[in-house]
Amino acid sequence: MAKKDAPPRWDRKMQQRLARGEAAALGEAYDRFASLVHSLAHRVLGDEKAADAVTREVFAHIWEHPETYDPKRGPLRTWIAAVTHRLAVQRLRDREERGLGGRPGEDLDEAEEPVGGEDLESKVRRASVAARADYIVHSMPVPLRHALELAYFQRRDYRQTAADLGVTEDEARRRLRLGLQLLSTAHDVGAPPGCGGAA
Amino acid sequence: MSGAAEFRAEFGEPRERRMPTPRACVEDGGRPLPGPVDRDEGGSVPLDLPHDVLKSLLGAWALAACSAAETEAVEHHLGDCGGCADEARRLREAVGLLHQHETLDLDPALRTRVLETCLDRRPPRIPVPEWAAPYDAEAARLDALLQDFGDAEWHAPVRLRWFEDDVRTSRRTTVAGVIAHLLAVDGVIAAALGLDDPLGDTDPAPGPTARTEALWRSTPFPQTRAVRVPWREQTHALVRTVSFTGGDTGGLTVPYGGFDLPLHDAMLDRAFGCWVHAEDIADAVDYPYRPPAPRHLNKMIDLAVRLLPDALAARRRSGLSTPPRTTRHLTPAGHPGRTLRLEIEGPAGGDWLIPLDSPSATPSTDLEVAHVALDSVEFCHLAAGHLLPEEAAAGQLGDREAIRDVLYATASLSRL
């Protein structure tokens, strides 16, 4: 579950601390964002080892190039999601291209065998939508996420959801609808800001 | 095509179409599946709901979370209202994007690997001191354990155990109570560093036990998961702050009520406490939990061993052990005295020589009177008061009384 939303001040401070080479800041950034990074990478690549590798690359990027984050353009979380998405998709392309290049197995982690059958672009698109969806769920207001979790994963109807959450039935209906509306923007290329399109 | 027409093309006319399955296959969390939707295909009149209400039901409809009658009313409406039909389709597609998070438990070893890669590529200007690394790692491991805890886990009962005057003592609390305990005790370092004391302005009593009792008393019973954030923020603040000491603690000591520890030892002590209590918590909720990384465990063992001569002296003072028959007088400071060799096995292990007669005596292999061999984790469990000295599966050679004394002194290092 995501931590509560960080104020922009925290983001700016974190950037400054990373820029001046404070190892403790790197640890804190990892503790706050590693599960987001790893789950997004996993969603794109469908593979634990590959997600581990992307996580390593994402934090290396954050640590080596903190100045490329511009706090004016959005929260640190969104920037990190965008970096993750870019590196994960890049890895997916590399993997698929190597796999399609007719040299199966060579230079590939066993766990990263490409899966044939679907063309690369649609695979990348699908992975991007899925990763954006995860990001949206991760970042949406907690009350909305809770309502969706109850209705979808716990199979509660909206009246039970209302009772579980201690809200009116009207409110439960509103949260489910709003949550899905937010989630549906994952199909819109370019949204949410910074999470980027297929590339 | 209008949304409504498209909808009809996909699902048929409202009257004749079959119930569209509004959502894809769901992971079954072990809960019973909802019963078959109770609907009358034979033309009962749908609920007559106003447009606003029907619209408000679209999210619940897409999630198959309304009653049968409402479902029918919504679907009837979708055949007539293009706007709602468009939205219904979008929402239903969105449901397909919901996705059970795979286990959020990241491999704790990944943190170490990732941070090492980063620090190799760009050496830090302000590193985390070596003596603070075990605390940093243990706090992260415990936080990862807490990640997915629900209320049942936070309120799971935990029995804290330790040794006092050679007698096993224990205290009941909950998982949340254990985190409050860590918050209170770690607070001795926070206070010594000039950070906010979690006990606030309430003129905190000195010492871990009194501080814990004070925090437990000052917060509503039972403790809740709300304690996690302040605990974690404090662990981060401690690591951040000690990093600016440049690895040199500048003689700063931390008062533990009754004794002081240098800052770097206090950080090792808290790393040890964090691990031991993480094990308590993991036991309480039946999760597996691994020992610390060997190089961290080795530092914790080294701290315990360095505290042993004073613990032996304290036992003598309180009459729990008798001075050795063979020595007529205390060994003068700086002189070699009777020595026990403690051999800790495993990758975290090593050999330590412990002066038996006085904290100020120099250990000497020539005066070695006993040899004890113990597994590293077992030694730590003994020092945590989780293992009775007589239960410790120690390989023993030599002066039995000296060995017994050292094992009991090790157990006496434990506290609440």
# chains A, B, ... in the order shown; residues from 1 in each chain; ligands from 1
$ select_by_dssp --residues "segment 182-338 of chain B" --states "strand (DSSP E or B)" --output "list of chain:residue names"
B:Thr253, B:Val254, B:Pro255, B:Asp260, B:Leu261, B:Pro262, B:Pro336, B:Gly337, B:Arg338
$ write_last_selection --atoms "N, CA and C atoms" --output "short mmCIF file (atom, residue, chain, number, x, y, z; two decimals), in the first residue's frame"
data_model
loop_
_atom_site.label_atom_id
_atom_site.label_comp_id
_atom_site.auth_asym_id
_atom_site.auth_seq_id
_atom_site.Cartn_x
_atom_site.Cartn_y
_atom_site.Cartn_z
N THR B 253 28.09 10.15 23.84
CA THR B 253 27.58 8.94 24.46
C THR B 253 26.08 9.04 24.64
N VAL B 254 25.47 7.87 24.74
CA VAL B 254 24.02 7.80 24.87
C VAL B 254 23.68 7.24 26.24
N PRO B 255 22.95 7.99 27.06
CA PRO B 255 22.61 7.49 28.39
C PRO B 255 21.50 6.45 28.34
N ASP B 260 26.16 4.23 30.17
CA ASP B 260 26.19 4.96 28.90
C ASP B 260 26.81 4.05 27.83
N LEU B 261 26.43 4.28 26.61
CA LEU B 261 27.11 3.61 25.50
C LEU B 261 27.57 4.68 24.53
N PRO B 262 28.77 4.48 23.94
CA PRO B 262 29.17 5.40 22.86
C PRO B 262 28.15 5.30 21.73
N PRO B 336 47.52 -9.27 32.44
CA PRO B 336 46.80 -10.44 31.92
C PRO B 336 46.10 -11.18 33.04
N GLY B 337 44.90 -11.67 32.75
CA GLY B 337 44.14 -12.43 33.75
C GLY B 337 43.54 -13.67 33.12
N ARG B 338 42.84 -14.41 33.93
CA ARG B 338 42.19 -15.63 33.42
C ARG B 338 41.28 -15.27 32.25
#
$ interface_residues --of "chain B" --to "chain A" --cutoff "7 Å" --atoms "only C-alpha atoms" --output "PDB file with C-alpha atoms, in the first residue's frame"
ATOM      1  CA  SER B  56     -24.130   6.828  -9.940  1.00  0.00           C
ATOM      2  CA  LEU B  57     -24.498   3.050 -10.122  1.00  0.00           C
ATOM      3  CA  LEU B  58     -22.224   2.646 -13.145  1.00  0.00           C
ATOM      4  CA  GLY B  59     -19.073   1.990 -11.118  1.00  0.00           C
ATOM      5  CA  ALA B  60     -20.791  -0.576  -8.929  1.00  0.00           C
ATOM      6  CA  LEU B  63     -17.698  -4.215 -10.694  1.00  0.00           C
ATOM      7  CA  ALA B  65     -21.405  -4.936  -7.065  1.00  0.00           C
ATOM      8  CA  CYS B  66     -25.111  -4.036  -7.275  1.00  0.00           C
ATOM      9  CA  ARG B  90     -14.927   2.690 -20.200  1.00  0.00           C
ATOM     10  CA  LEU B  91     -15.501   1.656 -16.629  1.00  0.00           C
ATOM     11  CA  ALA B  94     -11.025  -0.259 -16.434  1.00  0.00           C
ATOM     12  CA  VAL B  95     -12.102  -3.172 -14.252  1.00  0.00           C
ATOM     13  CA  LEU B  97      -6.982  -3.335 -15.425  1.00  0.00           C
ATOM     14  CA  LEU B 104       4.600  -6.812  -2.046  1.00  0.00           C
ATOM     15  CA  LEU B 106      10.402  -7.383  -1.797  1.00  0.00           C
ATOM     16  CA  VAL B 114      20.516  -2.039  -5.180  1.00  0.00           C
ATOM     17  CA  CYS B 118      24.374   2.767  -6.677  1.00  0.00           C
ATOM     18  CA  ARG B 122      28.751   7.086  -7.539  1.00  0.00           C
ATOM     19  CA  PRO B 124      28.590   8.990  -1.613  1.00  0.00           C
ATOM     20  CA  ARG B 125      29.973  12.218  -0.279  1.00  0.00           C
ATOM     21  CA  ILE B 126      28.113  11.555   2.970  1.00  0.00           C
ATOM     22  CA  PRO B 127      28.115   7.796   3.547  1.00  0.00           C
ATOM     23  CA  VAL B 128      26.128   5.966   6.200  1.00  0.00           C
ATOM     24  CA  HIS B 236      15.314   7.340   9.094  1.00  0.00           C
ATOM     25  CA  VAL B 239      20.470   7.204  10.149  1.00  0.00           C
ATOM     26  CA  ARG B 240      20.348  10.578   8.433  1.00  0.00           C
TER      27      ARG B 240
END
$ select_by_dssp --residues "segment 76-177 of chain A" --states "helix (DSSP H, G or I)" --output "PyMOL selection string"
chain A and resi 76-100+110-112+120-139+142-153+158-165+169-177
$ write_last_selection --atoms "C-alpha atoms" --output "short mmCIF file (atom, residue, chain, number, x, y, z; two decimals), in the first residue's frame"
data_model
loop_
_atom_site.label_atom_id
_atom_site.label_comp_id
_atom_site.auth_asym_id
_atom_site.auth_seq_id
_atom_site.Cartn_x
_atom_site.Cartn_y
_atom_site.Cartn_z
CA LEU A 76 9.02 12.83 -7.42
CA ARG A 77 6.84 9.72 -7.37
CA THR A 78 5.57 10.48 -10.88
CA TRP A 79 9.08 11.10 -12.18
CA ILE A 80 10.31 7.83 -10.68
CA ALA A 81 7.34 6.00 -12.22
CA ALA A 82 8.22 7.52 -15.59
CA VAL A 83 11.89 6.50 -15.29
CA THR A 84 10.79 3.00 -14.31
CA HIS A 85 8.41 2.79 -17.20
CA ARG A 86 11.04 3.94 -19.70
CA LEU A 87 13.70 1.52 -18.46
CA ALA A 88 11.27 -1.40 -18.19
CA VAL A 89 9.92 -0.89 -21.70
CA GLN A 90 13.45 -0.52 -23.01
CA ARG A 91 14.32 -3.82 -21.42
CA LEU A 92 11.21 -5.44 -22.82
CA ARG A 93 12.16 -4.25 -26.32
CA ASP A 94 15.74 -5.46 -25.95
CA ARG A 95 14.55 -8.80 -24.76
CA GLU A 96 11.97 -9.25 -27.47
CA GLU A 97 14.31 -8.08 -30.20
CA ARG A 98 17.04 -10.40 -29.06
CA GLY A 99 14.52 -13.18 -28.85
CA LEU A 100 13.10 -12.45 -32.29
CA GLU A 110 16.71 -18.24 -18.47
CA ALA A 111 13.87 -16.58 -16.67
CA GLU A 112 13.62 -13.95 -19.34
CA LEU A 120 6.25 -6.28 -30.08
CA GLU A 121 4.38 -3.01 -30.39
CA SER A 122 1.09 -4.35 -29.11
CA LYS A 123 2.92 -6.07 -26.31
CA VAL A 124 4.64 -2.83 -25.38
CA ARG A 125 1.34 -1.00 -25.56
CA ARG A 126 -0.40 -3.52 -23.38
CA ALA A 127 2.42 -3.49 -20.84
CA SER A 128 2.34 0.30 -20.79
CA VAL A 129 -1.38 0.47 -20.13
CA ALA A 130 -1.06 -2.12 -17.40
CA ALA A 131 1.82 -0.28 -15.78
CA ARG A 132 -0.05 3.03 -15.96
CA ALA A 133 -3.07 1.35 -14.39
CA ASP A 134 -0.95 0.08 -11.52
CA TYR A 135 0.52 3.50 -11.06
CA ILE A 136 -2.94 5.05 -10.96
CA VAL A 137 -4.15 2.54 -8.40
CA HIS A 138 -1.00 3.13 -6.38
CA SER A 139 -1.44 6.91 -6.42
CA VAL A 142 -6.74 5.91 -0.36
CA PRO A 143 -10.56 5.96 0.16
CA LEU A 144 -11.09 5.26 -3.53
CA ARG A 145 -8.57 2.48 -3.57
CA HIS A 146 -10.08 0.86 -0.50
CA ALA A 147 -13.52 0.90 -2.07
CA LEU A 148 -12.20 -0.73 -5.25
CA GLU A 149 -10.30 -3.32 -3.28
CA LEU A 150 -13.38 -4.29 -1.31
CA ALA A 151 -15.65 -4.47 -4.33
CA TYR A 152 -13.24 -6.20 -6.66
CA PHE A 153 -10.90 -8.35 -4.61
CA TYR A 158 -21.57 -1.67 -2.86
CA ARG A 159 -23.86 -1.85 0.17
CA GLN A 160 -21.42 -4.12 2.00
CA THR A 161 -18.59 -1.89 0.82
CA ALA A 162 -20.39 1.10 2.32
CA ALA A 163 -20.86 -0.76 5.60
CA ASP A 164 -17.22 -1.91 5.66
CA LEU A 165 -16.00 1.61 5.08
CA GLU A 169 -24.29 3.86 0.07
CA ASP A 170 -24.28 7.00 -2.07
CA GLU A 171 -20.69 7.60 -1.12
CA ALA A 172 -19.69 3.99 -1.83
CA ARG A 173 -21.23 4.23 -5.32
CA ARG A 174 -19.44 7.53 -5.86
CA ARG A 175 -16.07 6.11 -4.83
CA LEU A 176 -16.38 3.02 -7.02
CA ARG A 177 -17.36 5.11 -10.03
#
$ residues_around --residues "segment 165-174 of chain B" --least-positions-apart "4" --cutoff "10 Å" --atoms "only C-alpha atoms" --output "VMD selection string"
chain B and resid 153 to 161 178 to 181 216 222 to 224 281 284 315 318 320 385 to 389 408 to 409 411 to 412 415 to 416
$ atom_distance --atom1 "atom CA of Thr339 of chain B" --atom2 "atom CA of Ala304 of chain B"
16.4 Å
$ closest_residue --among "A:Val37, A:Gly74, A:Arg32, A:Ala50" --to "Arg12 of chain A" --atoms "only C-alpha atoms"
A:Gly74
$ residues_around --residues "Ser364 of chain B" --least-positions-apart "5" --cutoff "12 Å" --atoms "only C-alpha atoms" --output "ChimeraX atom specification"
/B:334-341,352-357,369-370
